[in-house]
Each structure stands twice: as C-alpha cells, then as structure tokens.
Amino acid sequence: MKRLLPLFSRLASTLGLLLAVVVLNFLLIQMAPGDPVSVIVGEMGGASEELIARMRAEYGLDQPLHVQLGVYVWKILNGDFGFSYYFKEPVLSLILQRLPATILLVVTALAVAVLVGTLLGIFSARRPRGPLNYLVTLVSLAGYSAPVFWTGLMLVILFSSILPLFPVSGMADVRGAETFLGNVVDIAHHLVLPAVTLASIYIAIYSRLSRATMLDVLGADYIRTARAKGLSERRVVYGHALRNALIPVVTMVGLQFGQLFAGAVLVETVFNWPGLGRLAFESILRRDYPTLLGILFFSAILVVVANILTDIAYGLVDPRIRTRKPAAARKPKATGAPR
C-alpha cells in the first residue's frame with residue numbers, strides 16, 4: 001500500500017492541475033472582448049434583437065458567469081466538451097480529427113531538434129576552438145533569434161519559387177496516393193518544411209545546452225580516468241560522457257514541450273497544416289469558445305503526459321535515478337544492544 005501512495009498522490013495532483021487549467025482557461029476566455037453570437041451575426045449581415053437574444057439563450061451565454069462555469073465543468077467531468085458554434089460538430093470529434101496531425105508535427109520536430117542539436121553540441125564541444133564550434137555558435141544564434149513564423153515564411157518563399165523541392169501547404173496531395181506506402185511518403189514529403197521550421201529554434205537551444213554540458217562532463221575526473229586507461233576518444237565521449245550530458249537536455253525537453261504546441265499554432269497557420277494549431281487559430285478568429293477550450297484542455301493533457309515521459313526518460317538516461325531509494329530505506333538497521 002505504501003508503494004502506491006506516491007502514485008495516488010501524483011494522480012490527485014494531476015487531476016487538480018487539469019481542473020485548475022479548465023477553470024483558468026474558461027475565465028480568461030470569458031474576459032476576452034466579443035462573443036460567438038456577435039461573430040455569427042456579423043457573418044449573417046445582421047439580425048434582430050430578438051434573434052440575438054434567442055441565440056444567446058440557446059448557447060447559454062445569457063447565464064451568469066459562475067453558472068456557465070459550473071455547467072462547463074460538470075460537462076467536462078462527464079466527457080462532454082460541448083458543440084462547436086462555427087463548425088457545427090461536437091468539439092471532441094473535431095479535436096480527435098486534428099490531433100494526430102499535431103502530434104506527428106510536434107514529435108517529429110522534437111526528435112529533429114534533440115538529435116541535431118545534441119550532435120552539434122557534442123561536435124563543437126570536442127573541439128571548442130575549432131571552426132565547427134564557431135559555425136555552430138553562429139547557426140545557434142541565428143536560429144534562436146529568428147521567430148518561427150518568419151522562418152516558415154522564408155522557407156515558403158524559397159521552396160515555392162526558387163527551389164520547388166517540397167510542398168509548402170497542406171498535409172497530403174489532393175490527388176492522394178494509391179498505396180499505403182505512397183501515402184506515408186506523401187505525408188513525410190509535406191512534413192519536412194513544417195517540422196524543420198518548428199525545430200529550428202530548439203536546435204539552437206539544445207546545441208548550446210549540450211555543448212556547455214559536454215564541456216563540463218569532459219573535464220570530470222572519471223573522464224580523465226577513462227582516457228588514462230587507454231579507451232578510444234569515441235568510447236569516452238559516446239560511452240561515458242554522453243549519458244550524463246543528456247540529463248539537462250531531457251530536462252529542457254520536458255519543460256519546453258508546452259512551448260512546442262504554442263509554436264505549432266504559428267507553423268500550422270503558415271503551412272496550412274490541418275492540426276490543432278490551425279483549428280485553434282480559426283476558433284480564435286470566430287470566437288468559437290467550446291472548441292478553443294477543448295483544444296487548451298487536450299494541450300494540457302499532452303503536456304502532462306510529456307512530463308511523465310520525461311521522468312521515464314530520466315531513468316533510461318541515468319539508472320541511478322530509478323534505483324535510488326529514500327533515505328529512510330537506506331538507513332542501516334541497528335544491531336546489538338544499545339551502548
């Protein structure tokens with residue numbers, strides 16, 4: 001039973017966090033100017049006061065704020081995310097349709113950023129005064145300084161007119177592919193530019209972080225001992241130093257997973273990628289509150305899942321974390337008669 005207490009504690013804190021996210025998002029959106037009825041009436045070209053009042057009553061917008069909040073929280077607890085004012089579909093159905101595209105984009109961008117950034121940091125740390133180090137520093141500063149939407153627009157201009165090598169819009173060709181492998185290749189072809197755009201700023205961050213960490217690790221005593229034993233430089237770097245150097249990178253990945261979703265909104269808008277980011281942008285323009293609240297809730301769930309996966313990755317990178325016991329468990333038992 002004692003072993004399950006940390007699990008129950010974490011589950012309770014996670015549920016409390018998600019409830020706080022639901023309430024805070026609802027209040028923040030309600031504080032924004034305008035409402036869905038005004039947008040719908042504007043697209044209709046106007047409506048009578050009676051029709052506007054009827055629409056507000058139908059959407060529950062005529063109720064006090066605390067009543068609306070209570071109704072919404074109760075629906076969330078029952079798995080009902082509401083009905084989209086604009087798309088005329090259940091919010092849950094809309095999100096489940098767009099969620100795979102966003103997960104594919106975010107996971108691909110994260111994998112590219114971690115792999116490329118870590119390798120660049122390691123290469124530059126091995127020769128801190130070499131030309132590659134200065135090149136990595138220059139690329140990192142450029143990637144970190146450029147906003148993702150600007151990078152995306154530059155790539156659209158480059159690959160739409162100058163070098164038409166990659167598609168610059170959508171997730172797949174409208175003609176479709178005849179085979180499953182053809183569909184996979186088509187989606188991967190469309191994924192290149194959005195993933196590179198989203199990964200650009202994080203490649204800069206991870207390269208600088210891994211470089212600084214690797215420099216510290218390579219100066220440690222156990223690294224000098226490994227070299228004194230005659231181990232090859234490749235084995236010293238990739239067999240001994242890399243695992244400890246990855247710990248801060250894994251920490252940063254867990255902390256920045258939420259920022260990836262924020263960047264995905266801009267990237268999906270620039271490249272017309274049919275994911276949650278694009279859906280969130282359209283919902284903001286049309287004041288589609290239920291859809292926007294559902295997107296924010298699912299984004300919070302994905303961030304929580306990412307943090308749990310980060311904890312698991314800690315154990316894979318550093319086995320001492322998963323084998324470490326509490327101080328009380330490590331305390332030796334008293335033997336013999338007291339003195």
# chains A, B, ... in the order shown; residues from 1 in each chain; ligands from 1

call {"tool": "residues_around", "arguments": {"residues": "Ile205 (chain A)", "least_positions_apart": "6", "cutoff": "8 Å", "atoms": "only C-alpha atoms", "output": "list in words"}}
result
Gly117, Ser140 and Tyr144 of chain A

call {"tool": "select_by_dssp", "arguments": {"residues": "region 68-305 of chain A", "states": "alpha helix (DSSP H)", "output": "ChimeraX atom specification"}}
result
/A:68-77,91-126,131-145,148-157,180-218,221-228,233-235,242-271,276-285,289-305

call {"tool": "residues_around", "arguments": {"residues": "Ser84 (chain A)", "least_positions_apart": "5", "cutoff": "9 Å", "atoms": "only C-alpha atoms", "output": "mmCIF file with all heavy atoms, in the first residue's frame"}}
result
data_model
loop_
_atom_site.group_PDB
_atom_site.id
_atom_site.type_symbol
_atom_site.label_atom_id
_atom_site.label_comp_id
_atom_site.auth_asym_id
_atom_site.auth_seq_id
_atom_site.Cartn_x
_atom_site.Cartn_y
_atom_site.Cartn_z
ATOM 1 N N GLU A 89 -20.155 20.846 -35.172
ATOM 2 C CA GLU A 89 -19.794 19.472 -34.851
ATOM 3 C C GLU A 89 -19.455 19.384 -33.376
ATOM 4 O O GLU A 89 -19.098 20.385 -32.761
ATOM 5 C CB GLU A 89 -18.580 19.010 -35.672
ATOM 6 C CG GLU A 89 -18.802 18.859 -37.155
ATOM 7 C CD GLU A 89 -17.559 18.302 -37.838
ATOM 8 O OE1 GLU A 89 -16.903 17.426 -37.240
ATOM 9 O OE2 GLU A 89 -17.259 18.744 -38.955
ATOM 10 N N PRO A 90 -19.520 18.184 -32.791
ATOM 11 C CA PRO A 90 -19.041 18.037 -31.413
ATOM 12 C C PRO A 90 -17.559 18.379 -31.324
ATOM 13 O O PRO A 90 -16.766 18.017 -32.197
ATOM 14 C CB PRO A 90 -19.303 16.549 -31.116
ATOM 15 C CG PRO A 90 -20.382 16.158 -32.059
ATOM 16 C CD PRO A 90 -20.164 16.962 -33.295
ATOM 17 N N VAL A 91 -17.192 19.081 -30.267
ATOM 18 C CA VAL A 91 -15.808 19.519 -30.103
ATOM 19 C C VAL A 91 -14.868 18.331 -30.022
ATOM 20 O O VAL A 91 -13.768 18.350 -30.611
ATOM 21 C CB VAL A 91 -15.688 20.405 -28.847
ATOM 22 C CG1 VAL A 91 -14.227 20.701 -28.526
ATOM 23 C CG2 VAL A 91 -16.456 21.702 -29.045
ATOM 24 N N LEU A 94 -14.052 17.050 -33.464
ATOM 25 C CA LEU A 94 -13.135 17.949 -34.165
ATOM 26 C C LEU A 94 -11.703 17.764 -33.692
ATOM 27 O O LEU A 94 -10.764 17.701 -34.501
ATOM 28 C CB LEU A 94 -13.563 19.403 -33.950
ATOM 29 C CG LEU A 94 -14.669 19.965 -34.827
ATOM 30 C CD1 LEU A 94 -15.060 21.356 -34.333
ATOM 31 C CD2 LEU A 94 -14.225 20.021 -36.278
ATOM 32 N N ASP A 288 -15.046 30.870 -31.263
ATOM 33 C CA ASP A 288 -15.655 29.567 -31.024
ATOM 34 C C ASP A 288 -15.128 29.047 -29.684
ATOM 35 O O ASP A 288 -14.190 28.246 -29.622
ATOM 36 C CB ASP A 288 -15.300 28.613 -32.163
ATOM 37 C CG ASP A 288 -16.158 27.362 -32.159
ATOM 38 O OD1 ASP A 288 -16.891 27.158 -31.170
ATOM 39 O OD2 ASP A 288 -16.108 26.592 -33.128
ATOM 40 N N TYR A 289 -15.751 29.492 -28.583
ATOM 41 C CA TYR A 289 -15.248 29.202 -27.245
ATOM 42 C C TYR A 289 -15.173 27.710 -26.922
ATOM 43 O O TYR A 289 -14.155 27.253 -26.387
ATOM 44 C CB TYR A 289 -16.113 29.917 -26.201
ATOM 45 C CG TYR A 289 -16.005 31.423 -26.230
ATOM 46 C CD1 TYR A 289 -16.931 32.219 -25.567
ATOM 47 C CD2 TYR A 289 -14.973 32.050 -26.908
ATOM 48 C CE1 TYR A 289 -16.840 33.603 -25.593
ATOM 49 C CE2 TYR A 289 -14.871 33.422 -26.934
ATOM 50 C CZ TYR A 289 -15.809 34.202 -26.283
ATOM 51 O OH TYR A 289 -15.704 35.562 -26.309
ATOM 52 N N PRO A 290 -16.207 26.909 -27.178
ATOM 53 C CA PRO A 290 -16.110 25.486 -26.811
ATOM 54 C C PRO A 290 -14.941 24.780 -27.500
ATOM 55 O O PRO A 290 -14.239 23.981 -26.871
ATOM 56 C CB PRO A 290 -17.464 24.913 -27.260
ATOM 57 C CG PRO A 290 -18.386 26.081 -27.261
ATOM 58 C CD PRO A 290 -17.556 27.247 -27.688
ATOM 59 N N THR A 291 -14.729 25.074 -28.781
ATOM 60 C CA THR A 291 -13.618 24.435 -29.492
ATOM 61 C C THR A 291 -12.275 24.873 -28.923
ATOM 62 O O THR A 291 -11.378 24.052 -28.711
ATOM 63 C CB THR A 291 -13.683 24.771 -30.990
ATOM 64 O OG1 THR A 291 -14.969 24.397 -31.499
ATOM 65 C CG2 THR A 291 -12.610 24.034 -31.760
#

call {"tool": "residues_around", "arguments": {"residues": "region 169-174 of chain A", "least_positions_apart": "5", "cutoff": "7 Å", "atoms": "only C-alpha atoms", "output": "PyMOL selection string"}}
result
chain A and resi 186-187+190-191+271-274

call {"tool": "residues_around", "arguments": {"residues": "Phe257 (chain A)", "least_positions_apart": "5", "cutoff": "9 Å", "atoms": "only C-alpha atoms", "output": "mmCIF file with all heavy atoms, in the first residue's frame"}}
result
data_model
loop_
_atom_site.group_PDB
_atom_site.id
_atom_site.type_symbol
_atom_site.label_atom_id
_atom_site.label_comp_id
_atom_site.auth_asym_id
_atom_site.auth_seq_id
_atom_site.Cartn_x
_atom_site.Cartn_y
_atom_site.Cartn_z
ATOM 1 N N VAL A 106 4.648 17.798 -33.949
ATOM 2 C CA VAL A 106 5.393 18.145 -32.734
ATOM 3 C C VAL A 106 6.448 17.080 -32.421
ATOM 4 O O VAL A 106 7.602 17.418 -32.109
ATOM 5 C CB VAL A 106 4.420 18.325 -31.557
ATOM 6 C CG1 VAL A 106 5.186 18.433 -30.245
ATOM 7 C CG2 VAL A 106 3.569 19.567 -31.762
ATOM 8 N N LEU A 110 10.408 17.719 -32.468
ATOM 9 C CA LEU A 110 11.168 17.496 -31.238
ATOM 10 C C LEU A 110 12.305 16.502 -31.462
ATOM 11 O O LEU A 110 13.432 16.709 -30.983
ATOM 12 C CB LEU A 110 10.226 16.981 -30.145
ATOM 13 C CG LEU A 110 10.840 16.759 -28.763
ATOM 14 C CD1 LEU A 110 11.387 18.056 -28.205
ATOM 15 C CD2 LEU A 110 9.807 16.170 -27.813
ATOM 16 N N MET A 252 15.221 19.963 -20.268
ATOM 17 C CA MET A 252 14.743 21.057 -21.107
ATOM 18 C C MET A 252 13.635 20.609 -22.038
ATOM 19 O O MET A 252 12.685 21.364 -22.304
ATOM 20 C CB MET A 252 15.913 21.625 -21.912
ATOM 21 C CG MET A 252 15.583 22.888 -22.681
ATOM 22 S SD MET A 252 15.108 24.264 -21.601
ATOM 23 C CE MET A 252 16.681 24.600 -20.802
ATOM 24 N N LEU A 302 -1.623 16.674 -22.968
ATOM 25 C CA LEU A 302 -0.413 16.256 -23.671
ATOM 26 C C LEU A 302 0.842 16.728 -22.953
ATOM 27 O O LEU A 302 1.852 16.016 -22.921
ATOM 28 C CB LEU A 302 -0.441 16.802 -25.103
ATOM 29 C CG LEU A 302 -1.501 16.193 -26.030
ATOM 30 C CD1 LEU A 302 -1.481 16.879 -27.385
ATOM 31 C CD2 LEU A 302 -1.274 14.694 -26.201
ATOM 32 N N VAL A 303 0.801 17.913 -22.362
ATOM 33 C CA VAL A 303 1.959 18.405 -21.606
ATOM 34 C C VAL A 303 2.187 17.551 -20.362
ATOM 35 O O VAL A 303 3.336 17.220 -20.013
ATOM 36 C CB VAL A 303 1.760 19.887 -21.237
ATOM 37 C CG1 VAL A 303 2.836 20.357 -20.271
ATOM 38 C CG2 VAL A 303 1.772 20.749 -22.490
ATOM 39 N N ALA A 306 3.722 14.391 -21.443
ATOM 40 C CA ALA A 306 5.126 14.634 -21.793
ATOM 41 C C ALA A 306 5.999 14.694 -20.549
ATOM 42 O O ALA A 306 7.131 14.196 -20.554
ATOM 43 C CB ALA A 306 5.247 15.925 -22.593
ATOM 44 N N ASN A 307 5.503 15.288 -19.479
ATOM 45 C CA ASN A 307 6.281 15.336 -18.239
ATOM 46 C C ASN A 307 6.473 13.941 -17.641
ATOM 47 O O ASN A 307 7.541 13.632 -17.092
ATOM 48 C CB ASN A 307 5.598 16.254 -17.231
ATOM 49 C CG ASN A 307 5.705 17.713 -17.618
ATOM 50 O OD1 ASN A 307 6.676 18.124 -18.227
ATOM 51 N ND2 ASN A 307 4.701 18.502 -17.271
#

call {"tool": "atom_distance", "arguments": {"atom1": "CA of Arg10 (chain A)", "atom2": "CA of Leu309 (chain A)"}}
result
13.9 Å

call {"tool": "atom_distance", "arguments": {"atom1": "CA of Leu18 (chain A)", "atom2": "CA of Phe298 (chain A)"}}
result
9.7 Å

call {"tool": "atom_distance", "arguments": {"atom1": "CA of Met31 (chain A)", "atom2": "CA of Val267 (chain A)"}}
result
26.6 Å

call {"tool": "closest_residue", "arguments": {"among": "A:Ala142, A:Gly70, A:Leu218, A:Val41", "to": "Gly239 (chain A)", "atoms": "only C-alpha atoms"}}
result
A:Leu218

call {"tool": "closest_residue", "arguments": {"among": "A:Ser210, A:Ser283, A:Ser93, A:Ser145", "to": "Val250 (chain A)", "atoms": "only C-alpha atoms"}}
result
A:Ser210

call {"tool": "residues_around", "arguments": {"residues": "Val192 (chain A)", "least_positions_apart": "2", "cutoff": "10 Å", "atoms": "only C-alpha atoms", "output": "PyMOL selection string"}}
result
chain A and resi 105+108-109+166-168+187-190+194-197
